[in-house]
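This report concerns only the one structure given below.
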Amino acid sequence: MQSELNDSPEAPRVPSPTVATFLHTCYRIGDIDRSVTFYEKLGFEEVRRMPIGEEAINVFMALPGEDPRLELTYNHGVTGYEHGSGYNHIALLVDGSLDDTLAQLAELGIEPEKPPYRPGGRTEGHRICFVRDPDGYRIELIGE
């Protein structure tokens with residue numbers, strides 16, 4: 001059962017004295033150029049690369065007009081990672097039709113895991129589908 005607080009569209013935020021904003025999520029990648037090219041096809045732009053000593057390079061990606069929210073970390077000499085079962089995906093809202101977006105991505109060699117669908121058997125609202133980046137991370141695409 002949801003509390004009355006969660007049901008209210010005007011529910012107050014719980015103030016946090018230590019956290020101001022969500023900055024980014026990080027994926028560990030096996031090949032910088034391959035990953036940057038993939039995310040550029042989704043509309044991201046490379047903002048900067050930051051070497052981390054001799055061990056790694058962080059590549060910060062952002063959607064146009066936004067702060068970087070995706071950090072791609074390449075650890076020198078590592079070509080792949082175990083993803084485990086705990087982490088699932090990031091989600092992106094597409095601009096316009098999901099079908100049109102998928103057609104454009106197909107022309108660029110990116111195919112969904114399965115056709116778009118409405119979760120939970122819904123008959124209205126947004127549809128979703130998932131694509132995978134070159135390292136196997138899932139990206140949820142959400143649209144009409």
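Residues are named by chain letter and number: chains run A, B, ... in the order of the structure tokens, numbers start at 1 in each chain, and ligands are numbered from 1 in the order shown.
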Test item, strand (DSSP E or B) assignment across chain A, answer as a ChimeraX atom specification: /A:25-29,45-52,56-62,70-75,89-93,117,127-132,138-143
Could you write out the selected residues, including C-alpha atoms, as a short mmCIF file (atom, residue, chain, number, x, y, z; two decimals), in the first residue's frame?
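Dumped everything to out.cif:
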```
data_model
loop_
_atom_site.label_atom_id
_atom_site.label_comp_id
_atom_site.auth_asym_id
_atom_site.auth_seq_id
_atom_site.Cartn_x
_atom_site.Cartn_y
_atom_site.Cartn_z
CA THR A 25 26.85 6.78 -13.99
CA CYS A 26 29.93 4.88 -15.12
CA TYR A 27 30.41 1.98 -17.50
CA ARG A 28 33.76 0.19 -17.74
CA ILE A 29 34.56 -0.32 -21.40
CA GLU A 45 28.60 13.99 -27.53
CA GLU A 46 32.07 13.43 -26.12
CA VAL A 47 32.73 16.26 -23.66
CA ARG A 48 36.23 15.39 -22.46
CA ARG A 49 38.78 12.68 -21.76
CA MET A 50 40.54 12.59 -18.44
CA PRO A 51 43.55 10.32 -17.87
CA ILE A 52 43.63 8.67 -14.45
CA ALA A 56 42.80 4.45 -16.96
CA ILE A 57 41.06 7.07 -19.08
CA ASN A 58 37.62 8.46 -18.28
CA VAL A 59 35.53 9.66 -21.22
CA PHE A 60 32.61 11.91 -20.31
CA MET A 61 29.57 11.85 -22.61
CA ALA A 62 26.58 14.21 -22.62
CA LEU A 70 27.68 9.07 -18.73
CA GLU A 71 31.27 8.25 -17.79
CA LEU A 72 33.02 5.59 -19.86
CA THR A 73 36.10 4.24 -18.10
CA TYR A 74 38.79 2.43 -20.05
CA ASN A 75 41.31 0.58 -17.88
CA HIS A 89 20.35 -0.47 -17.62
CA ILE A 90 20.21 3.25 -18.21
CA ALA A 91 17.09 4.77 -19.80
CA LEU A 92 16.79 7.38 -22.55
CA LEU A 93 13.65 9.17 -23.71
CA TYR A 117 6.41 -3.14 -26.13
CA ARG A 127 6.57 1.83 -25.31
CA ILE A 128 10.07 0.65 -24.49
CA CYS A 129 12.80 -1.48 -26.00
CA PHE A 130 16.42 -2.21 -25.19
CA VAL A 131 19.62 -2.00 -27.20
CA ARG A 132 23.08 -3.12 -26.09
CA ARG A 138 21.69 -2.38 -21.85
CA ILE A 139 20.12 0.94 -22.79
CA GLU A 140 16.36 1.34 -22.49
CA LEU A 141 14.77 3.51 -25.16
CA ILE A 142 11.41 5.01 -24.19
CA GLY A 143 9.00 6.66 -26.60
#
```
Near-Asp31 in chain A list (9 Å; only C-alpha atoms; drop same-chain fewer than 5 positions) as an MDAnalysis selection string: chainID A and resid 36 74 78:80 134:135
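Ranking A:Gly65, A:Gly86, A:Gly43, A:Pro17 by their shortest atom-to-atom distance to Thr101 in chain A, with only C-alpha atoms included, puts A:Gly43 first.
Listed by chain and then by rising number, the residues of chain A that DSSP assigns to alpha helix (DSSP H) from the backbone are Glu4, Leu5, Asn6, Asp7, Ile32, Asp33, Arg34, Ser35, Val36, Thr37, Phe38, Tyr39, Glu40, Lys41, Leu98, Asp99, Asp100, Thr101, Leu102, Ala103, Gln104, Leu105, Ala106 and Glu107 of chain A.
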With C-alpha atoms retained, could you export that selection as a PDB file, in the first residue's frame?
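Wrote result.pdb, looks like this:
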```pdb
ATOM      1  CA  GLU A   4      -0.506   9.300   1.221  1.00  0.00           C
ATOM      2  CA  LEU A   5       2.789  11.105   0.724  1.00  0.00           C
ATOM      3  CA  ASN A   6       3.547   9.068  -2.412  1.00  0.00           C
ATOM      4  CA  ASP A   7       0.036   9.558  -3.840  1.00  0.00           C
ATOM      5  CA  ILE A  32      37.236   3.774 -26.202  1.00  0.00           C
ATOM      6  CA  ASP A  33      36.664   4.517 -29.886  1.00  0.00           C
ATOM      7  CA  ARG A  34      34.121   1.714 -30.305  1.00  0.00           C
ATOM      8  CA  SER A  35      32.107   2.876 -27.286  1.00  0.00           C
ATOM      9  CA  VAL A  36      32.270   6.584 -28.118  1.00  0.00           C
ATOM     10  CA  THR A  37      31.085   5.841 -31.670  1.00  0.00           C
ATOM     11  CA  PHE A  38      28.153   3.797 -30.340  1.00  0.00           C
ATOM     12  CA  TYR A  39      26.989   6.491 -27.910  1.00  0.00           C
ATOM     13  CA  GLU A  40      27.376   9.183 -30.559  1.00  0.00           C
ATOM     14  CA  LYS A  41      24.895   7.181 -32.668  1.00  0.00           C
ATOM     15  CA  LEU A  98      10.263   5.268 -31.114  1.00  0.00           C
ATOM     16  CA  ASP A  99       9.703   3.471 -34.432  1.00  0.00           C
ATOM     17  CA  ASP A 100      11.435   6.274 -36.357  1.00  0.00           C
ATOM     18  CA  THR A 101      14.318   6.266 -33.882  1.00  0.00           C
ATOM     19  CA  LEU A 102      14.729   2.499 -34.235  1.00  0.00           C
ATOM     20  CA  ALA A 103      14.694   2.793 -38.036  1.00  0.00           C
ATOM     21  CA  GLN A 104      17.459   5.410 -37.857  1.00  0.00           C
ATOM     22  CA  LEU A 105      19.470   3.279 -35.438  1.00  0.00           C
ATOM     23  CA  ALA A 106      19.033   0.199 -37.673  1.00  0.00           C
ATOM     24  CA  GLU A 107      20.636   2.158 -40.520  1.00  0.00           C
TER      25      GLU A 107
END
```
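Take the candidates A:Glu54, A:Gly96, A:Gly121, A:Leu63 and check each one against Gly77 in chain A using only C-alpha atoms; the shortest distance goes to A:Glu54.
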